[in-house]
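> Could you have a look at this structure, given as structure tokens, before my questions?
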Amino acid sequence: MSNKLCNILVPVDFTSKNKWAIAKGMEMANQMNCNLHLVNIVQPNLFSSFTPYESRVDRLNSYDRLKDLAVSYSSQLCGNGKIEISLLEGNTTNKLVEYIRDFEMDMVVMGLSGNLFQRMISSSSINKLAKKTNVPVMAVGSKGLVHHFKKIILPLYDELSLRRIRMATTLASSFKSTIYMVTLRQGNNTPEKIIKEGLEIAKSIPRVSARGIILEGDSLAKTTIEFAKRINGDLIMINPAEEFKLPGWWSKLTNKILSYGSGIPVMTMSRQ
């Protein structure tokens, strides 16, 4: 992974959740001087072959709405970055994976819906994208707009994730943030050892501030959220693993990952 971000992707479906995803993507693009890609994916209509005119009109309308979005946000984009728009047709996940690979996206920013059913679908999409593309996927809710990544929380489990540490240091360097590496006293890991190793890597990067904290608790996901609230954290960085699913029968039933229990943005990155 490069220490510089060049392209940020925001999937757009013209719902309210796009507002905070685009706003957060815009903030990052300005801070890191990179491009913002707004992509809308149209689901193929089973009857499109019988109604080609209506299908074409729908696609044109979607493209016009994308252009309007780009124009409305263009004045907010600073530096050398630019806004790119694309209209695709097909399966949402497959098309996003293709676009990410073809145009070398460095990050995806997705808005979180308040609708329970849509949240259940989104939780699966976040993990799928992170695993299939090896690209960080940030989930942003309506409360994630007022933060500027001054406090980045990096929960560690039984092994160090060099990818997450590198991304954390990249963001910390750009936003002048402090990285909080946290782990549980209980578990299969040796907390002092993993914290020490993580801090050594982070502090080897110039101008990066990092701290290590051992927390008490049974669930790494739940304890991380509680810690984030306590220190007014701005970003949590996780991987799509069981340790980051929230406890409780309802959370298991709805596949509720940490992203949906957090009021601040959560970035999901694969282990690789």
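Note on naming: chains are A, B, ... as they come in the structure tokens, residues start from 1 per chain, ligands start from 1 in the order shown.
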Which polymer residues have any atom within 10 Å of an atom of Ala23 (chain A), counting only C-alpha atoms, with same-chain residues fewer than 5 positions away left out, as a VMD selection string?
chain A and resid 10 18 28 to 29 73 76 109 111 140 144 to 145
> Per residue of region 73-190 of chain A within 9 Å of region 212-233 of chain A, which atom pair is closest and at what distance in Å (one decimal), using only C-alpha atoms, listed by chain and increasing number, as JSON lines?

{"residue": "A:His147", "atom": "CA", "partner": "A:Gly233", "partner_atom": "CA", "distance": 8.4}
{"residue": "A:Phe149", "atom": "CA", "partner": "A:Gly233", "partner_atom": "CA", "distance": 7.7}
{"residue": "A:Lys150", "atom": "CA", "partner": "A:Gly233", "partner_atom": "CA", "distance": 7.5}
{"residue": "A:Lys151", "atom": "CA", "partner": "A:Gly233", "partner_atom": "CA", "distance": 5.0}
{"residue": "A:Ile152", "atom": "CA", "partner": "A:Gly233", "partner_atom": "CA", "distance": 6.4}
{"residue": "A:Ile153", "atom": "CA", "partner": "A:Gly233", "partner_atom": "CA", "distance": 6.9}
{"residue": "A:Leu154", "atom": "CA", "partner": "A:Thr224", "partner_atom": "CA", "distance": 8.8}
{"residue": "A:Pro155", "atom": "CA", "partner": "A:Thr224", "partner_atom": "CA", "distance": 6.8}
{"residue": "A:Leu156", "atom": "CA", "partner": "A:Leu220", "partner_atom": "CA", "distance": 8.6}
{"residue": "A:Tyr157", "atom": "CA", "partner": "A:Leu220", "partner_atom": "CA", "distance": 7.9}
{"residue": "A:Ile179", "atom": "CA", "partner": "A:Gly212", "partner_atom": "CA", "distance": 8.4}
{"residue": "A:Tyr180", "atom": "CA", "partner": "A:Gly212", "partner_atom": "CA", "distance": 5.9}
{"residue": "A:Met181", "atom": "CA", "partner": "A:Gly212", "partner_atom": "CA", "distance": 4.8}
{"residue": "A:Val182", "atom": "CA", "partner": "A:Ile213", "partner_atom": "CA", "distance": 4.9}
{"residue": "A:Thr183", "atom": "CA", "partner": "A:Ile214", "partner_atom": "CA", "distance": 5.2}
{"residue": "A:Leu184", "atom": "CA", "partner": "A:Leu215", "partner_atom": "CA", "distance": 4.9}
{"residue": "A:Arg185", "atom": "CA", "partner": "A:Glu216", "partner_atom": "CA", "distance": 5.7}
{"residue": "A:Gln186", "atom": "CA", "partner": "A:Asp218", "partner_atom": "CA", "distance": 6.9}
{"residue": "A:Gly187", "atom": "CA", "partner": "A:Asp218", "partner_atom": "CA", "distance": 8.1}
> Mind dumping the selected residues with N, CA and C atoms as a tab-separated table (two decimals), in the first residue's frame?

chain	number	residue	atom	x	y	z
A	147	HIS	N	-16.24	15.57	12.59
A	147	HIS	CA	-14.92	15.15	13.06
A	147	HIS	C	-13.86	15.30	11.96
A	149	PHE	N	-10.64	13.53	12.23
A	149	PHE	CA	-9.62	12.51	12.43
A	149	PHE	C	-8.46	12.97	13.30
A	150	LYS	N	-8.75	13.67	14.38
A	150	LYS	CA	-7.69	14.05	15.30
A	150	LYS	C	-7.32	12.90	16.23
A	151	LYS	N	-8.28	12.01	16.47
A	151	LYS	CA	-8.04	10.84	17.33
A	151	LYS	C	-8.45	9.58	16.58
A	152	ILE	N	-7.44	8.82	16.15
A	152	ILE	CA	-7.67	7.59	15.39
A	152	ILE	C	-7.50	6.39	16.30
A	153	ILE	N	-8.51	5.53	16.36
A	153	ILE	CA	-8.48	4.38	17.26
A	153	ILE	C	-8.22	3.11	16.46
A	154	LEU	N	-7.18	2.40	16.85
A	154	LEU	CA	-6.74	1.20	16.14
A	154	LEU	C	-6.79	0.00	17.08
A	155	PRO	N	-7.90	-0.74	17.13
A	155	PRO	CA	-7.97	-1.91	18.00
A	155	PRO	C	-7.14	-3.07	17.45
A	156	LEU	N	-6.39	-3.71	18.32
A	156	LEU	CA	-5.52	-4.82	17.94
A	156	LEU	C	-6.00	-6.09	18.62
A	157	TYR	N	-5.89	-7.24	17.92
A	157	TYR	CA	-6.33	-8.50	18.52
A	157	TYR	C	-5.13	-9.41	18.74
A	179	ILE	N	-2.73	8.45	17.14
A	179	ILE	CA	-3.23	7.09	17.00
A	179	ILE	C	-3.31	6.45	18.39
A	180	TYR	N	-4.46	5.90	18.72
A	180	TYR	CA	-4.66	5.18	19.98
A	180	TYR	C	-4.75	3.69	19.66
A	181	MET	N	-3.69	2.94	19.96
A	181	MET	CA	-3.72	1.48	19.78
A	181	MET	C	-4.29	0.85	21.04
A	182	VAL	N	-5.39	0.10	20.89
A	182	VAL	CA	-6.04	-0.49	22.05
A	182	VAL	C	-6.17	-2.00	21.87
A	183	THR	N	-6.13	-2.71	22.98
A	183	THR	CA	-6.34	-4.15	22.98
A	183	THR	C	-6.92	-4.55	24.32
A	184	LEU	N	-7.45	-5.76	24.41
A	184	LEU	CA	-8.06	-6.24	25.65
A	184	LEU	C	-7.04	-6.98	26.50
A	185	ARG	N	-7.20	-6.83	27.81
A	185	ARG	CA	-6.35	-7.59	28.72
A	185	ARG	C	-6.68	-9.07	28.63
A	186	GLN	N	-7.97	-9.40	28.42
A	186	GLN	CA	-8.38	-10.78	28.26
A	186	GLN	C	-8.31	-11.16	26.79
A	187	GLY	N	-8.08	-12.45	26.50
A	187	GLY	CA	-8.02	-12.90	25.11
A	187	GLY	C	-6.83	-13.80	24.87
> Select, from A:Asn127, A:Leu9, A:Ser86, A:Arg164, the residue with the minimum atom-to-atom distance to Leu60 (chain A), counting only C-alpha atoms.
A:Ser86
> Among region 61-156 of chain A, which residues does DSSP mark as strand (DSSP E or B) when it is run on the backbone? Keep the chain and numbering as in the structure and answer as a short mmCIF file (atom, residue, chain, number, x, y, z; two decimals) with N, CA and C atoms, in the first residue's frame.

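Below is the file that was written, part-v8.cif:
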data_model
loop_
_atom_site.label_atom_id
_atom_site.label_comp_id
_atom_site.auth_asym_id
_atom_site.auth_seq_id
_atom_site.Cartn_x
_atom_site.Cartn_y
_atom_site.Cartn_z
N ILE A 83 -13.25 16.07 -9.47
CA ILE A 83 -14.38 15.17 -9.30
C ILE A 83 -14.63 14.42 -10.60
N GLU A 84 -14.65 13.09 -10.52
CA GLU A 84 -14.96 12.25 -11.67
C GLU A 84 -16.33 11.61 -11.44
N ILE A 85 -17.13 11.46 -12.48
CA ILE A 85 -18.43 10.79 -12.35
C ILE A 85 -18.51 9.64 -13.33
N SER A 86 -19.21 8.57 -12.91
CA SER A 86 -19.38 7.40 -13.79
C SER A 86 -20.73 6.77 -13.52
N LEU A 87 -21.39 6.34 -14.58
CA LEU A 87 -22.65 5.62 -14.49
C LEU A 87 -22.42 4.21 -15.03
N LEU A 88 -22.68 3.20 -14.19
CA LEU A 88 -22.47 1.81 -14.56
C LEU A 88 -23.78 1.05 -14.48
N GLU A 89 -23.84 -0.09 -15.12
CA GLU A 89 -25.04 -0.93 -15.07
C GLU A 89 -24.66 -2.36 -14.75
N MET A 107 -9.45 4.17 -1.69
CA MET A 107 -10.37 4.11 -0.56
C MET A 107 -11.80 4.25 -1.06
N VAL A 108 -12.74 3.63 -0.33
CA VAL A 108 -14.17 3.77 -0.61
C VAL A 108 -14.83 4.38 0.62
N VAL A 109 -15.70 5.37 0.41
CA VAL A 109 -16.45 5.98 1.51
C VAL A 109 -17.94 5.72 1.26
N MET A 110 -18.58 5.03 2.18
CA MET A 110 -19.99 4.67 2.03
C MET A 110 -20.82 5.31 3.14
N GLY A 111 -21.98 5.84 2.77
CA GLY A 111 -22.90 6.40 3.75
C GLY A 111 -23.75 5.31 4.38
N VAL A 137 -12.56 0.43 3.28
CA VAL A 137 -13.93 0.90 3.09
C VAL A 137 -14.37 1.62 4.36
N MET A 138 -14.65 2.91 4.24
CA MET A 138 -15.05 3.71 5.39
C MET A 138 -16.56 3.88 5.41
N ALA A 139 -17.18 3.54 6.54
CA ALA A 139 -18.62 3.72 6.72
C ALA A 139 -18.87 4.97 7.54
N VAL A 140 -19.71 5.87 7.02
CA VAL A 140 -19.96 7.16 7.66
C VAL A 140 -21.45 7.37 7.86
N LYS A 151 -8.28 12.01 16.47
CA LYS A 151 -8.04 10.84 17.33
C LYS A 151 -8.45 9.58 16.58
N ILE A 152 -7.44 8.82 16.15
CA ILE A 152 -7.67 7.59 15.39
C ILE A 152 -7.50 6.39 16.30
N ILE A 153 -8.51 5.53 16.36
CA ILE A 153 -8.48 4.38 17.26
C ILE A 153 -8.22 3.11 16.46
N LEU A 154 -7.18 2.40 16.85
CA LEU A 154 -6.74 1.20 16.14
C LEU A 154 -6.79 0.00 17.08
N PRO A 155 -7.90 -0.74 17.13
CA PRO A 155 -7.97 -1.91 18.00
C PRO A 155 -7.14 -3.07 17.45
#
> Hey, which of A:Ser174, A:Ser113, A:Thr93, A:Asn30 ends up closest to Gly141 (chain A)? Count only C-alpha atoms.
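For Gly141 (chain A), the nearest of the given residues is A:Ser113.
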> Identify which of the residues A:Ala130, A:Leu199, A:Val12, A:Leu96 lies closest to Ile238 (chain A), counting only C-alpha atoms when measuring atom-to-atom distances.
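Result for the nearest residue to Ile238 (chain A): A:Ala130.
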> So, counting only C-alpha atoms, which residue among A:Ser74, A:Ser161, A:Ser142, A:Thr92 is closest to Ala21 (chain A)?
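Once distances to Ala21 (chain A) are computed over only C-alpha atoms, the minimum belongs to A:Ser142.
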